[in-house]
>>> print(open('work-v7.pdb').read())   # PDB, C-alpha atoms and all ligand atoms
MODEL        1
ATOM      1  CA  PHE A 330      87.359 107.108 105.286
ATOM      2  CA  ASP A 331      84.660 104.640 106.305
ATOM      3  CA  ALA A 332      84.971 102.406 103.244
ATOM      4  CA  GLU A 333      88.609 101.677 104.016
ATOM      5  CA  VAL A 334      87.881 100.699 107.587
ATOM      6  CA  THR A 335      85.672  97.905 106.289
ATOM      7  CA  ALA A 336      88.395  96.647 103.911
ATOM      8  CA  LYS A 337      88.470  92.858 104.080
ATOM      9  CA  ALA A 338      91.496  90.623 103.693
ATOM     10  CA  ALA A 339      89.580  88.436 101.257
ATOM     11  CA  GLU A 340      88.875  91.487  99.073
ATOM     12  CA  SER A 341      92.484  92.750  99.024
ATOM     13  CA  GLY A 342      93.644  89.179  98.542
ATOM     14  CA  ALA A 343      91.261  88.568  95.645
ATOM     15  CA  ASN A 344      92.408  91.849  94.047
ATOM     16  CA  ALA A 345      96.082  90.940  94.507
ATOM     17  CA  SER A 346      95.510  87.473  93.007
ATOM     18  CA  ALA A 347      93.630  88.930  90.013
ATOM     19  CA  ARG A 348      96.248  91.611  89.337
ATOM     20  CA  PHE A 349      99.047  89.044  89.509
ATOM     21  CA  ARG A 350      97.234  86.747  87.077
ATOM     22  CA  GLU A 351      96.738  89.650  84.628
ATOM     23  CA  ARG A 352     100.401  90.616  84.784
ATOM     24  CA  MET A 353     101.532  87.047  84.152
ATOM     25  CA  THR A 354      99.190  86.328  81.267
ATOM     26  CA  GLY A 355      98.246  89.700  79.718
ATOM     27  CA  ALA A 356      99.886  91.501  76.776
ATOM     28  CA  GLY A 357     103.640  91.590  77.385
ATOM     29  CA  GLY A 358     103.087  89.378  80.442
ATOM     30  CA  ARG A 359     105.964  87.428  81.840
ATOM     31  CA  SER A 360     105.828  83.742  80.995
ATOM     32  CA  ALA A 361     105.557  81.361  83.936
ATOM     33  CA  MET A 362     107.208  78.441  82.060
ATOM     34  CA  VAL A 363     109.972  76.637  83.915
ATOM     35  CA  ASP A 364     112.065  73.887  82.337
ATOM     36  CA  THR A 365     110.908  70.278  83.117
ATOM     37  CA  ALA A 366     114.250  69.178  84.586
ATOM     38  CA  ARG A 367     114.270  72.185  86.902
ATOM     39  CA  VAL A 368     110.638  71.593  87.995
ATOM     40  CA  ASN A 369     111.504  67.946  88.702
ATOM     41  CA  TYR A 370     114.500  69.014  90.786
ATOM     42  CA  LEU A 371     112.836  71.846  92.741
ATOM     43  CA  ALA A 372     109.411  70.231  93.276
ATOM     44  CA  SER A 373     111.053  66.996  94.489
ATOM     45  CA  LYS A 374     113.199  68.987  96.895
ATOM     46  CA  VAL A 375     110.220  70.907  98.333
ATOM     47  CA  ILE A 376     108.224  67.678  98.817
ATOM     48  CA  LYS A 377     111.185  65.930 100.425
ATOM     49  CA  GLY A 378     111.763  68.947 102.702
ATOM     50  CA  ILE A 379     108.201  68.759 104.001
ATOM     51  CA  ASN A 380     108.360  64.966 104.422
ATOM     52  CA  ASP A 381     111.608  65.319 106.373
ATOM     53  CA  ILE A 382     109.926  67.781 108.759
ATOM     54  CA  VAL A 383     106.964  65.413 109.264
ATOM     55  CA  LEU A 384     109.309  62.548 110.151
ATOM     56  CA  GLU A 385     111.786  64.504 112.272
ATOM     57  CA  ASP A 386     109.174  66.471 114.206
ATOM     58  CA  LYS A 387     106.628  63.617 114.345
ATOM     59  CA  VAL A 388     103.803  65.725 112.859
ATOM     60  CA  SER A 389     100.389  64.380 114.000
ATOM     61  CA  TYR A 390      97.180  63.896 112.001
ATOM     62  CA  ALA A 391      95.696  66.880 113.920
ATOM     63  CA  GLU A 392      98.587  69.049 112.721
ATOM     64  CA  TYR A 393      98.431  67.674 109.183
ATOM     65  CA  ASN A 394      94.691  68.425 108.988
ATOM     66  CA  ALA A 395      95.195  71.922 110.428
ATOM     67  CA  LEU A 396      97.736  72.528 107.661
ATOM     68  CA  LYS A 397      95.365  71.165 105.023
ATOM     69  CA  ALA A 398      92.498  73.409 106.229
ATOM     70  CA  TRP A 399      94.812  76.422 106.311
ATOM     71  CA  LEU A 400      96.187  75.861 102.810
ATOM     72  CA  ILE A 401      92.628  75.626 101.480
ATOM     73  CA  LYS A 402      91.795  78.921 103.230
ATOM     74  CA  VAL A 403      94.865  80.730 101.814
ATOM     75  CA  GLY A 404      93.495  80.033  98.342
ATOM     76  CA  GLU A 405      89.895  80.899  99.255
ATOM     77  CA  ASP A 406      91.033  84.258 100.691
ATOM     78  CA  GLY A 407      93.177  84.924  97.619
ATOM     79  CA  GLU A 408      96.155  85.314  99.933
ATOM     80  CA  TRP A 409      98.817  83.356  98.053
ATOM     81  CA  PRO A 410     100.384  86.598  96.757
ATOM     82  CA  LEU A 411     100.434  87.976 100.311
ATOM     83  CA  PHE A 412     101.804  84.775 101.865
ATOM     84  CA  LEU A 413     104.544  84.330  99.266
ATOM     85  CA  ASP A 414     105.624  87.982  99.207
ATOM     86  CA  VAL A 415     105.738  88.235 103.004
ATOM     87  CA  TRP A 416     107.531  84.968 103.798
ATOM     88  CA  ILE A 417     109.412  83.855 100.671
ATOM     89  CA  GLU A 418     110.096  86.750  98.265
ATOM     90  CA  HIS A 419     112.991  88.181 100.322
ATOM     91  CA  SER A 420     115.141  85.132  99.550
ATOM     92  CA  VAL A 421     114.266  85.218  95.848
ATOM     93  CA  GLU A 422     115.219  88.916  95.766
ATOM     94  CA  GLU A 423     118.513  88.162  97.523
ATOM     95  CA  VAL A 424     119.453  85.624  94.849
ATOM     96  CA  ALA A 425     118.272  87.870  91.984
ATOM     97  CA  SER A 426     120.293  90.900  93.146
ATOM     98  CA  GLU A 427     123.531  89.133  94.169
ATOM     99  CA  HIS A 428     125.448  90.474  91.155
ATOM    100  CA  ARG A 429     124.382  94.112  91.515
ATOM    101  CA  GLU A 430     126.672  97.009  92.349
ATOM    102  CA  GLY A 431     124.205  99.926  92.320
ATOM    103  CA  SER A 432     121.573 100.839  94.887
ATOM    104  CA  LYS A 433     120.171  98.035  97.031
ATOM    105  CA  GLY A 434     116.818  96.609  96.115
ATOM    106  CA  THR A 435     114.301  94.668  98.159
ATOM    107  CA  ILE A 436     110.990  92.882  97.596
ATOM    108  CA  GLU A 437     108.150  94.258  95.458
ATOM    109  CA  GLY A 438     105.322  92.921  97.643
ATOM    110  CA  PRO A 439     101.760  92.302  96.448
ATOM    111  CA  TYR A 440     100.541  95.865  95.728
ATOM    112  CA  TYR A 441     102.454  97.239  92.707
ATOM    113  CA  ILE A 442     100.430  98.526  89.723
ATOM    114  CA  GLU A 443     102.066  99.389  86.383
ATOM    115  CA  ASP A 444     101.529 102.656  84.494
ATOM    116  CA  SER A 445     100.736 105.025  87.341
ATOM    117  CA  PRO A 446     100.154 108.678  86.302
ATOM    118  CA  GLN A 447     103.261 110.444  84.952
ATOM    119  CA  LEU A 448     104.385 113.587  86.752
ATOM    120  CA  GLU A 449     107.018 116.272  86.166
ATOM    121  CA  TRP A 450     110.413 115.809  87.813
ATOM    122  CA  ASN A 451     109.088 117.737  90.855
ATOM    123  CA  GLY A 452     105.400 116.745  90.850
ATOM    124  CA  THR A 453     103.004 115.951  93.692
ATOM    125  CA  ILE A 454     101.657 112.410  94.102
ATOM    126  CA  PRO A 455      97.902 111.960  93.424
ATOM    127  CA  MET A 456      96.056 112.187  96.749
ATOM    128  CA  ARG A 457      92.702 113.203  98.219
ATOM    129  CA  ASP A 458      92.064 116.828  99.295
ATOM    130  CA  ASP A 459      91.929 115.759 102.930
ATOM    131  CA  GLU A 460      94.605 113.007 102.727
ATOM    132  CA  PRO A 461      95.931 112.506 106.285
ATOM    133  CA  GLY A 462      99.699 112.481 106.953
ATOM    134  CA  ASN A 463     102.742 114.742 107.228
ATOM    135  CA  PRO A 464     104.164 116.225 104.006
ATOM    136  CA  LEU A 465     107.379 114.605 102.768
ATOM    137  CA  VAL A 466     109.688 116.025 100.080
ATOM    138  CA  PHE A 467     111.879 113.232  98.655
ATOM    139  CA  ALA A 468     114.693 114.616  96.483
ATOM    140  CA  GLY A 469     117.597 112.987  94.699
ATOM    141  CA  GLN A 470     119.372 111.979  91.520
ATOM    142  CA  VAL A 471     119.255 108.909  89.308
ATOM    143  CA  ARG A 472     122.689 107.993  87.935
ATOM    144  CA  ALA A 473     124.621 104.992  86.648
ATOM    145  CA  VAL A 474     127.280 103.151  88.689
ATOM    146  CA  ASP A 475     129.939 105.021  86.631
ATOM    147  CA  GLY A 476     128.439 108.362  87.732
ATOM    148  CA  THR A 477     126.606 109.225  84.471
ATOM    149  CA  PRO A 478     123.426 111.201  85.366
ATOM    150  CA  LEU A 479     120.260 109.674  83.852
ATOM    151  CA  PRO A 480     117.756 112.409  82.863
ATOM    152  CA  GLY A 481     114.463 110.871  81.701
ATOM    153  CA  ALA A 482     114.805 107.956  84.146
ATOM    154  CA  LYS A 483     111.474 106.829  85.597
ATOM    155  CA  VAL A 484     110.918 106.874  89.361
ATOM    156  CA  GLU A 485     107.742 104.990  90.265
ATOM    157  CA  LEU A 486     106.483 105.331  93.845
ATOM    158  CA  TRP A 487     103.573 103.641  95.601
ATOM    159  CA  HIS A 488     102.722 103.596  99.277
ATOM    160  CA  ALA A 489      99.898 102.994 101.759
ATOM    161  CA  ASP A 490      97.717 105.753 103.197
ATOM    162  CA  ASP A 491      97.693 106.699 106.877
ATOM    163  CA  LEU A 492      95.418 103.756 107.699
ATOM    164  CA  GLY A 493      97.653 101.274 105.858
ATOM    165  CA  PHE A 494      95.533 100.882 102.707
ATOM    166  CA  TYR A 495      96.787 100.687  99.104
ATOM    167  CA  SER A 496      94.648 102.091  96.275
ATOM    168  CA  GLN A 497      93.176  99.464  93.913
ATOM    169  CA  PHE A 498      93.369  96.829  96.678
ATOM    170  CA  ALA A 499      91.254  98.363  99.473
ATOM    171  CA  PRO A 500      87.813  99.787  98.609
ATOM    172  CA  GLY A 501      86.796 103.444  98.589
ATOM    173  CA  LEU A 502      90.060 105.006  97.361
ATOM    174  CA  PRO A 503      90.642 106.985  94.151
ATOM    175  CA  GLU A 504      92.212 104.700  91.524
ATOM    176  CA  TRP A 505      95.735 106.159  91.648
ATOM    177  CA  ASN A 506      95.783 107.413  95.243
ATOM    178  CA  LEU A 507      99.399 107.633  96.471
ATOM    179  CA  ARG A 508     100.821 106.179  93.236
ATOM    180  CA  GLY A 509     102.858 108.123  90.667
ATOM    181  CA  THR A 510     105.697 108.035  88.114
ATOM    182  CA  TRP A 511     108.221 110.899  88.097
ATOM    183  CA  ILE A 512     110.399 111.556  85.056
ATOM    184  CA  ALA A 513     113.858 112.666  86.191
ATOM    185  CA  GLY A 514     114.903 116.093  84.864
ATOM    186  CA  ASP A 515     118.296 117.709  84.242
ATOM    187  CA  GLU A 516     121.194 115.749  85.756
ATOM    188  CA  GLY A 517     118.694 112.972  86.583
ATOM    189  CA  ARG A 518     117.193 115.060  89.406
ATOM    190  CA  PHE A 519     113.772 114.435  90.907
ATOM    191  CA  GLU A 520     111.810 115.982  93.789
ATOM    192  CA  ILE A 521     108.811 113.972  94.903
ATOM    193  CA  HIS A 522     106.061 115.591  96.963
ATOM    194  CA  THR A 523     104.139 113.048  99.003
ATOM    195  CA  LEU A 524     103.169 112.157 102.581
ATOM    196  CA  ARG A 525     105.197 110.275 105.132
ATOM    197  CA  PRO A 526     103.641 106.804 105.432
ATOM    198  CA  ALA A 527     102.636 105.188 108.736
ATOM    199  CA  PRO A 528     103.669 101.730 110.023
ATOM    200  CA  TYR A 529     101.681  99.045 108.269
ATOM    201  CA  GLN A 530      99.924  95.852 109.336
ATOM    202  CA  ILE A 531      99.291  93.142 106.782
ATOM    203  CA  PRO A 532      95.577  92.137 106.698
ATOM    204  CA  THR A 533      94.830  90.175 109.883
ATOM    205  CA  ASP A 534      91.352  88.821 109.113
ATOM    206  CA  GLY A 535      92.373  86.236 106.480
ATOM    207  CA  ALA A 536      94.461  83.057 106.387
ATOM    208  CA  CYS A 537      97.784  84.888 106.840
ATOM    209  CA  GLY A 538      96.380  86.653 109.906
ATOM    210  CA  GLN A 539      95.174  83.296 111.205
ATOM    211  CA  LEU A 540      98.687  81.865 110.925
ATOM    212  CA  ILE A 541     100.168  84.933 112.661
ATOM    213  CA  ALA A 542      97.692  84.633 115.558
ATOM    214  CA  ALA A 543      98.091  80.844 115.841
ATOM    215  CA  ALA A 544     101.889  81.158 115.992
ATOM    216  CA  GLY A 545     101.905  84.196 118.314
ATOM    217  CA  TRP A 546     103.700  86.412 115.767
ATOM    218  CA  HIS A 547     102.869  90.035 114.882
ATOM    219  CA  ALA A 548     101.577  91.448 111.566
ATOM    220  CA  TRP A 549     103.658  94.637 111.340
ATOM    221  CA  ARG A 550     105.884  96.047 108.660
ATOM    222  CA  PRO A 551     107.793  99.275 109.336
ATOM    223  CA  ALA A 552     106.539 102.391 107.486
ATOM    224  CA  HIS A 553     107.851 102.150 103.929
ATOM    225  CA  LEU A 554     107.898 103.733 100.488
ATOM    226  CA  HIS A 555     107.941 101.354  97.483
ATOM    227  CA  PHE A 556     109.947 102.319  94.374
ATOM    228  CA  LYS A 557     110.810 101.067  90.907
ATOM    229  CA  ILE A 558     113.605 102.986  89.148
ATOM    230  CA  SER A 559     114.244 102.384  85.457
ATOM    231  CA  ALA A 560     116.105 103.817  82.461
ATOM    232  CA  PRO A 561     116.737 102.319  79.004
ATOM    233  CA  GLY A 562     119.931 100.206  78.997
ATOM    234  CA  TYR A 563     119.958  99.779  82.796
ATOM    235  CA  GLU A 564     118.673  97.107  85.144
ATOM    236  CA  LEU A 565     115.410  98.084  86.822
ATOM    237  CA  ILE A 566     115.612  98.444  90.606
ATOM    238  CA  THR A 567     112.679  97.464  92.800
ATOM    239  CA  THR A 568     113.188  98.713  96.335
ATOM    240  CA  GLN A 569     111.629 100.068  99.532
ATOM    241  CA  LEU A 570     112.901 102.783 101.848
ATOM    242  CA  TYR A 571     112.368 103.052 105.601
ATOM    243  CA  PHE A 572     112.469 105.635 108.400
ATOM    244  CA  PRO A 573     114.867 105.484 111.363
ATOM    245  CA  GLY A 574     113.278 104.854 114.763
ATOM    246  CA  ASP A 575     110.368 102.758 113.479
ATOM    247  CA  PRO A 576     109.636 100.045 116.077
ATOM    248  CA  HIS A 577     109.457  97.403 113.330
ATOM    249  CA  ASN A 578     112.675  98.118 111.434
ATOM    250  CA  ASP A 579     114.258  95.179 113.276
ATOM    251  CA  ASP A 580     111.365  92.731 113.070
ATOM    252  CA  ASP A 581     109.652  93.370 109.729
ATOM    253  CA  ILE A 582     107.275  90.458 109.151
ATOM    254  CA  ALA A 583     108.381  90.485 105.476
ATOM    255  CA  SER A 584     112.164  90.476 106.277
ATOM    256  CA  ALA A 585     112.647  93.255 103.682
ATOM    257  CA  VAL A 586     114.663  95.861 105.639
ATOM    258  CA  LYS A 587     118.375  96.353 104.856
ATOM    259  CA  PRO A 588     120.692  98.952 106.450
ATOM    260  CA  GLU A 589     121.265 100.640 103.047
ATOM    261  CA  LEU A 590     117.514 101.271 102.746
ATOM    262  CA  MET A 591     117.252 103.556 105.781
ATOM    263  CA  LEU A 592     116.394 107.186 105.010
ATOM    264  CA  ASN A 593     117.670 110.178 106.952
ATOM    265  CA  PRO A 594     114.758 112.654 107.021
ATOM    266  CA  ILE A 595     115.173 116.181 108.421
ATOM    267  CA  ASP A 596     112.589 118.871 109.211
ATOM    268  CA  ASN A 597     111.658 120.443 105.875
ATOM    269  CA  PRO A 598     113.641 123.721 105.670
ATOM    270  CA  ASP A 599     111.125 125.086 103.110
ATOM    271  CA  GLY A 600     107.843 124.348 104.898
ATOM    272  CA  GLU A 601     105.826 121.760 106.806
ATOM    273  CA  GLY A 602     106.787 118.155 107.314
ATOM    274  CA  PHE A 603     109.997 116.424 106.306
ATOM    275  CA  HIS A 604     112.680 116.557 103.630
ATOM    276  CA  VAL A 605     114.878 113.631 102.658
ATOM    277  CA  ASP A 606     117.657 113.188 100.080
ATOM    278  CA  TYR A 607     118.268 109.789  98.488
ATOM    279  CA  ASP A 608     119.986 108.916  95.191
ATOM    280  CA  PHE A 609     119.371 105.838  93.027
ATOM    281  CA  VAL A 610     122.340 104.211  91.263
ATOM    282  CA  LEU A 611     121.590 101.823  88.385
ATOM    283  CA  ASP A 612     123.671  98.931  86.983
ATOM    284  CA  PRO A 613     124.082  98.750  83.205
ATOM    285  CA  GLU A 614     122.192  95.858  81.583
TER     286      GLU A 614
HETATM  287  C1  LIG B 701     102.921  95.258 101.919
HETATM  288  O1  LIG B 701     102.582  96.556 101.860
HETATM  289  C2  LIG B 701     104.179  94.930 101.595
HETATM  290  O2  LIG B 701     104.980  95.937 101.240
HETATM  291  C3  LIG B 701     104.611  93.623 101.629
HETATM  292  C4  LIG B 701     105.983  93.287 101.292
HETATM  293  C5  LIG B 701     103.740  92.627 102.032
HETATM  294  C6  LIG B 701     102.451  92.957 102.351
HETATM  295  C7  LIG B 701     102.045  94.251 102.293
HETATM  296 FE    FE B 702     103.970  97.801 101.134
ENDMDL
END
>>> encode(input="work-v7.pdb", output="structure tokens")
Amino acid sequence: FDAEVTAKAAESGANASARFRERMTGAGGRSAMVDTARVNYLASKVIKGINDIVLEDKVSYAEYNALKAWLIKVGEDGEWPLFLDVWIEHSVEEVASEHREGSKGTIEGPYYIEDSPQLEWNGTIPMRDDEPGNPLVFAGQVRAVDGTPLPGAKVELWHADDLGFYSQFAPGLPEWNLRGTWIAGDEGRFEIHTLRPAPYQIPTDGACGQLIAAAGWHAWRPAHLHFKISAPGYELITTQLYFPGDPHNDDDIASAVKPELMLNPIDNPDGEGFHVDYDFVLDPE
């Protein structure tokens, strides 16, 4: 896995920036237009917030120039998606999901790709022949908040490999490695065959890593599985699930862990590795 070891923050960052731009502007892309009055209100508030900090904390020219240099570098490294998703998205997600009654969601992060390969209700995720990691069987049901099972629901999963790399963002990985879309079967059941992911460090050699080092923080996220669950007539859920005992469950750099998102894996009764049950409950649109 030599290619992955040489993965560079600037490369992942550039890929993440490009993919985001395509999703926002491509066919069916979400429009980025925000109403003038709202831009006036929010942009003024952000600028005032920063000015207030400068005045209250007596920010020096040295500090102001360090900030300026760092902001330039975030753009050069393509790390705006990473910065925003790690430090800001969790609040946006909290606001967006306030009204929901079904399963908890959390942030999407910078590494989602649409249209991953479709698999049977009990299929195995695309992976290399020698993919490192312990097998994980992830079984459950998709249903509505009123209990209606949702056969045909889509369960999209993406996660990092054992070294913490996501396909299509780090070099040297097959296009759809550790990404798949399961179509729920009878009673909305699915049984995903994948590998248990390892704890994950965000790239440390770019601008975000520079901030982390300069502030004496750490770059870790707990091991996690990313999901999107969807069915016609229901609100899509974007979520992540975590494993008990991970040293970073309580200090995720991306503040994306919630108690409802903790899995309860057991030794797989049918073979190697682990088995875990988890159901997804969707809100009607
Ligand atoms: C990730 O894998 C991730 O899930 C988030 C939220 C931020 C950076 C990398
Ligand atoms: Fe992730």
>>> atom_distance(input="work-v7.pdb", atom1="CA of Lys377 in chain A", atom2="CA of Asp414 in chain A")
22.8 Å
>>> closest_residue(input="work-v7.pdb", among="A:Arg508, A:Lys337, A:His419, A:Arg350", to="Ala585 in chain A", atoms="all atoms listed in the file")
A:His419
>>> atom_distance(input="work-v7.pdb", atom1="CA of Ile566 in chain A", atom2="CA of Gly431 in chain A")
8.9 Å
>>> resolve_selection(input="work-v7.pdb", expression="the PyMOL selection byres (((not hetatm)) within 9 of (chain B and resi 702))", output="ChimeraX atom specification")
/A:437-441,487-489,493,495,529,531,550,552-555,569
>>> atom_distance(input="work-v7.pdb", atom1="CA of Ala372 in chain A", atom2="CA of Phe349 in chain A")
21.8 Å
>>> residues_near_point(input="work-v7.pdb", point="(114.1, 113.8, 82.0)", cutoff="10 Å", atoms="all atoms listed in the file", output="MDAnalysis selection string")
chainID A and resid 449:450 479:483 511:519
>>> closest_residue(input="work-v7.pdb", among="A:Glu405, A:Glu418, A:Glu485, A:Glu423", to="ligand LIG 701 (chain B)", atoms="only C-alpha atoms and all ligand atoms")
A:Glu418
>>> closest_residue(input="work-v7.pdb", among="A:Thr510, A:Ser559, A:Ser373, A:Thr568", to="ligand LIG 701 (chain B)", atoms="only C-alpha atoms and all ligand atoms")
A:Thr568
>>> residues_near_point(input="work-v7.pdb", point="(95.3, 78.4, 103.6)", cutoff="10 Å", atoms="all atoms listed in the file", output="list in words")
Ala395, Leu396, Lys397, Ala398, Trp399, Leu400, Ile401, Lys402, Val403, Gly404, Glu405, Asp406, Gly407, Glu408, Trp409, Phe412, Gly535, Ala536, Cys537, Gln539 and Leu540 of chain A
>>> write_last_selection(input="work-v7.pdb", atoms="C-alpha atoms", output="CSV table (one decimal), in the frame of the given file")
chain,number,residue,atom,x,y,z
A,395,ALA,CA,95.2,71.9,110.4
A,396,LEU,CA,97.7,72.5,107.7
A,397,LYS,CA,95.4,71.2,105.0
A,398,ALA,CA,92.5,73.4,106.2
A,399,TRP,CA,94.8,76.4,106.3
A,400,LEU,CA,96.2,75.9,102.8
A,401,ILE,CA,92.6,75.6,101.5
A,402,LYS,CA,91.8,78.9,103.2
A,403,VAL,CA,94.9,80.7,101.8
A,404,GLY,CA,93.5,80.0,98.3
A,405,GLU,CA,89.9,80.9,99.3
A,406,ASP,CA,91.0,84.3,100.7
A,407,GLY,CA,93.2,84.9,97.6
A,408,GLU,CA,96.2,85.3,99.9
A,409,TRP,CA,98.8,83.4,98.1
A,412,PHE,CA,101.8,84.8,101.9
A,535,GLY,CA,92.4,86.2,106.5
A,536,ALA,CA,94.5,83.1,106.4
A,537,CYS,CA,97.8,84.9,106.8
A,539,GLN,CA,95.2,83.3,111.2
A,540,LEU,CA,98.7,81.9,110.9
